[in-house]
Amino acid sequence: MADQAAEEKVVADRVEIPADAAELAHRIVEIASDKKGNDIVMLRTAELTTMADFFVICSGRSDRQVSALSGAIIDELRDEGIRPLAVEGRSSSRWVLLDFRSAIVHVFAPEERAYYGLERLWGKAAQVVRVVWRRSRRKYLPGSDRMAHRSH
């Protein structure tokens with residue numbers, strides 16, 4: 001009986017997210033993965049903040065790749081009729097923030113990602129997807145809701 005009450009409380013605490021918000025966040029993960037972003041993480045933040053339903057965090061290996069990743073996300077979503085509300089940090093290319101209202105994207109240079117530790121700060125957020133590169137293969141790790149995607 002207590003287990004059922006606890007389970008009902010978890011369900012009651014869960015915030016209803018529009019399907020298009022989840023689709024947008026997954027699309028951002030796909031674009032970042034296609035452009036070889038490193039260690040891509042999608043966090044469900046809806047229960048923790050009103051800022052956004054999802055955070056997508058990824059890294060580029062260099063300032064140039066950070067710029068290319070953020071540019072690709074903006075360009076490909078623009079082609080699909082989706083424009084960011086705000087873009088911050090493109091001039092420095094060390095940490096670029098893209099605000100798509102329901103999804104906020106953080107594209108980092110490795111040093112900045114380690115320093116700011118957003119995954120630690122948002123540690124209570126559910127990890128929906130994590131994509132890492134290993135020997136030229138992309139792999140969704142446990143806890144993701146999608147099948148493994150591999151390319152050679």
# chains A, B, ... in the order shown; residues from 1 in each chain; ligands from 1
$ residues_around --residues "Glu76 of chain A" --least-positions-apart "5" --cutoff "12 Å" --atoms "only C-alpha atoms" --output "ChimeraX atom specification"
/A:24,27-28,30-32,34-35,68-71,81-84
$ residues_around --residues "segment 95-99 of chain A" --least-positions-apart "5" --cutoff "10 Å" --atoms "only C-alpha atoms" --output "ChimeraX atom specification"
/A:51-52,55-60,63,66-67,69-71,73-74,83-90,104-113,116
$ closest_residue --among "A:Leu121, A:Ile40, A:Ala21, A:Ala114" --to "Trp133 of chain A" --atoms "only C-alpha atoms"
A:Ile40
$ closest_residue --among "A:Leu48, A:Lys124, A:Ser102, A:Ser93" --to "His26 of chain A" --atoms "only C-alpha atoms"
A:Ser102
$ closest_residue --among "A:Ser92, A:Asp39, A:Asp20, A:Val29" --to "Val132 of chain A" --atoms "only C-alpha atoms"
A:Asp39
$ atom_distance --atom1 "atom CA of Thr49 of chain A" --atom2 "atom CA of Ala19 of chain A"
18.0 Å
$ select_by_dssp --residues "segment 42-147 of chain A" --states "strand (DSSP E)" --output "VMD selection string"
chain A and resid 42 to 44 54 to 59 86 to 88 95 to 99 103 to 108 126 to 134 137 to 140
$ write_last_selection --atoms "N, CA and C atoms" --output "tab-separated table (two decimals), in the first residue's frame"
chain	number	residue	atom	x	y	z
A	42	MET	N	20.78	15.02	-22.60
A	42	MET	CA	19.48	15.68	-22.58
A	42	MET	C	18.88	15.45	-21.19
A	43	LEU	N	18.62	16.55	-20.48
A	43	LEU	CA	18.06	16.49	-19.13
A	43	LEU	C	16.63	17.00	-19.14
A	44	ARG	N	15.77	16.32	-18.41
A	44	ARG	CA	14.38	16.77	-18.24
A	44	ARG	C	14.36	17.68	-17.02
A	54	PHE	N	13.53	21.06	-21.06
A	54	PHE	CA	14.72	20.25	-21.29
A	54	PHE	C	15.96	21.12	-21.41
A	55	PHE	N	17.08	20.59	-20.97
A	55	PHE	CA	18.40	21.14	-21.27
A	55	PHE	C	19.10	20.12	-22.15
A	56	VAL	N	19.75	20.58	-23.18
A	56	VAL	CA	20.64	19.73	-23.97
A	56	VAL	C	22.04	20.32	-23.79
A	57	ILE	N	22.96	19.48	-23.33
A	57	ILE	CA	24.33	19.92	-23.06
A	57	ILE	C	25.26	19.09	-23.92
A	58	CYS	N	26.18	19.74	-24.62
A	58	CYS	CA	27.16	19.01	-25.41
A	58	CYS	C	28.45	19.80	-25.49
A	59	SER	N	29.49	19.15	-25.98
A	59	SER	CA	30.80	19.78	-26.10
A	59	SER	C	31.32	19.66	-27.52
A	86	ALA	N	16.81	33.44	-27.97
A	86	ALA	CA	18.05	34.15	-27.64
A	86	ALA	C	19.24	33.26	-27.96
A	87	VAL	N	20.34	33.91	-28.30
A	87	VAL	CA	21.62	33.24	-28.54
A	87	VAL	C	22.67	34.05	-27.79
A	88	GLU	N	23.42	33.38	-26.94
A	88	GLU	CA	24.46	34.05	-26.15
A	88	GLU	C	25.79	33.34	-26.35
A	95	TRP	N	31.35	28.92	-24.70
A	95	TRP	CA	30.08	28.45	-24.17
A	95	TRP	C	28.99	29.19	-24.92
A	96	VAL	N	28.27	28.49	-25.74
A	96	VAL	CA	27.17	29.10	-26.50
A	96	VAL	C	25.86	28.58	-25.93
A	97	LEU	N	24.97	29.49	-25.62
A	97	LEU	CA	23.65	29.14	-25.09
A	97	LEU	C	22.61	29.49	-26.15
A	98	LEU	N	21.75	28.53	-26.45
A	98	LEU	CA	20.66	28.72	-27.40
A	98	LEU	C	19.35	28.48	-26.66
A	99	ASP	N	18.48	29.47	-26.62
A	99	ASP	CA	17.21	29.36	-25.91
A	99	ASP	C	16.09	29.16	-26.91
A	103	ALA	N	13.33	24.23	-24.74
A	103	ALA	CA	14.63	23.54	-24.66
A	103	ALA	C	15.74	24.58	-24.70
A	104	ILE	N	16.65	24.47	-23.75
A	104	ILE	CA	17.82	25.34	-23.72
A	104	ILE	C	19.04	24.48	-24.04
A	105	VAL	N	19.84	24.95	-24.97
A	105	VAL	CA	21.01	24.21	-25.43
A	105	VAL	C	22.27	24.90	-24.93
A	106	HIS	N	23.18	24.11	-24.37
A	106	HIS	CA	24.48	24.60	-23.93
A	106	HIS	C	25.54	23.87	-24.73
A	107	VAL	N	26.30	24.59	-25.54
A	107	VAL	CA	27.39	23.99	-26.30
A	107	VAL	C	28.69	24.55	-25.72
A	108	PHE	N	29.51	23.66	-25.18
A	108	PHE	CA	30.70	24.07	-24.43
A	108	PHE	C	31.99	23.64	-25.11
A	126	ALA	N	16.17	14.42	-14.50
A	126	ALA	CA	16.23	13.09	-15.11
A	126	ALA	C	17.03	13.16	-16.41
A	127	GLN	N	17.99	12.25	-16.55
A	127	GLN	CA	18.75	12.16	-17.79
A	127	GLN	C	17.93	11.35	-18.78
A	128	VAL	N	17.52	11.97	-19.86
A	128	VAL	CA	16.68	11.31	-20.86
A	128	VAL	C	17.53	10.58	-21.88
A	129	VAL	N	18.57	11.26	-22.36
A	129	VAL	CA	19.45	10.69	-23.38
A	129	VAL	C	20.88	11.11	-23.07
A	130	ARG	N	21.81	10.20	-23.33
A	130	ARG	CA	23.24	10.55	-23.29
A	130	ARG	C	23.88	9.87	-24.49
A	131	VAL	N	24.59	10.65	-25.29
A	131	VAL	CA	25.27	10.13	-26.48
A	131	VAL	C	26.76	10.42	-26.31
A	132	VAL	N	27.56	9.38	-26.38
A	132	VAL	CA	29.01	9.54	-26.29
A	132	VAL	C	29.66	8.93	-27.51
A	133	TRP	N	30.83	9.44	-27.84
A	133	TRP	CA	31.60	8.90	-28.96
A	133	TRP	C	32.63	7.95	-28.41
A	134	ARG	N	32.69	6.77	-28.97
A	134	ARG	CA	33.71	5.79	-28.61
A	134	ARG	C	34.20	5.14	-29.90
A	137	ARG	N	32.08	5.55	-32.87
A	137	ARG	CA	30.71	5.05	-32.80
A	137	ARG	C	29.93	5.87	-31.78
A	138	ARG	N	28.73	6.23	-32.15
A	138	ARG	CA	27.83	6.90	-31.23
A	138	ARG	C	27.06	5.84	-30.48
A	139	LYS	N	26.81	6.08	-29.21
A	139	LYS	CA	26.10	5.09	-28.43
A	139	LYS	C	25.23	5.79	-27.39
A	140	TYR	N	23.95	5.45	-27.38
A	140	TYR	CA	23.07	5.95	-26.34
A	140	TYR	C	23.29	5.08	-25.12
$ closest_residue --among "A:Glu80, A:Phe100, A:Arg120, A:Glu16" --to "Glu47 of chain A" --atoms "only C-alpha atoms"
A:Glu16
$ atom_distance --atom1 "atom CA of Arg94 of chain A" --atom2 "atom CA of Arg61 of chain A"
10.4 Å
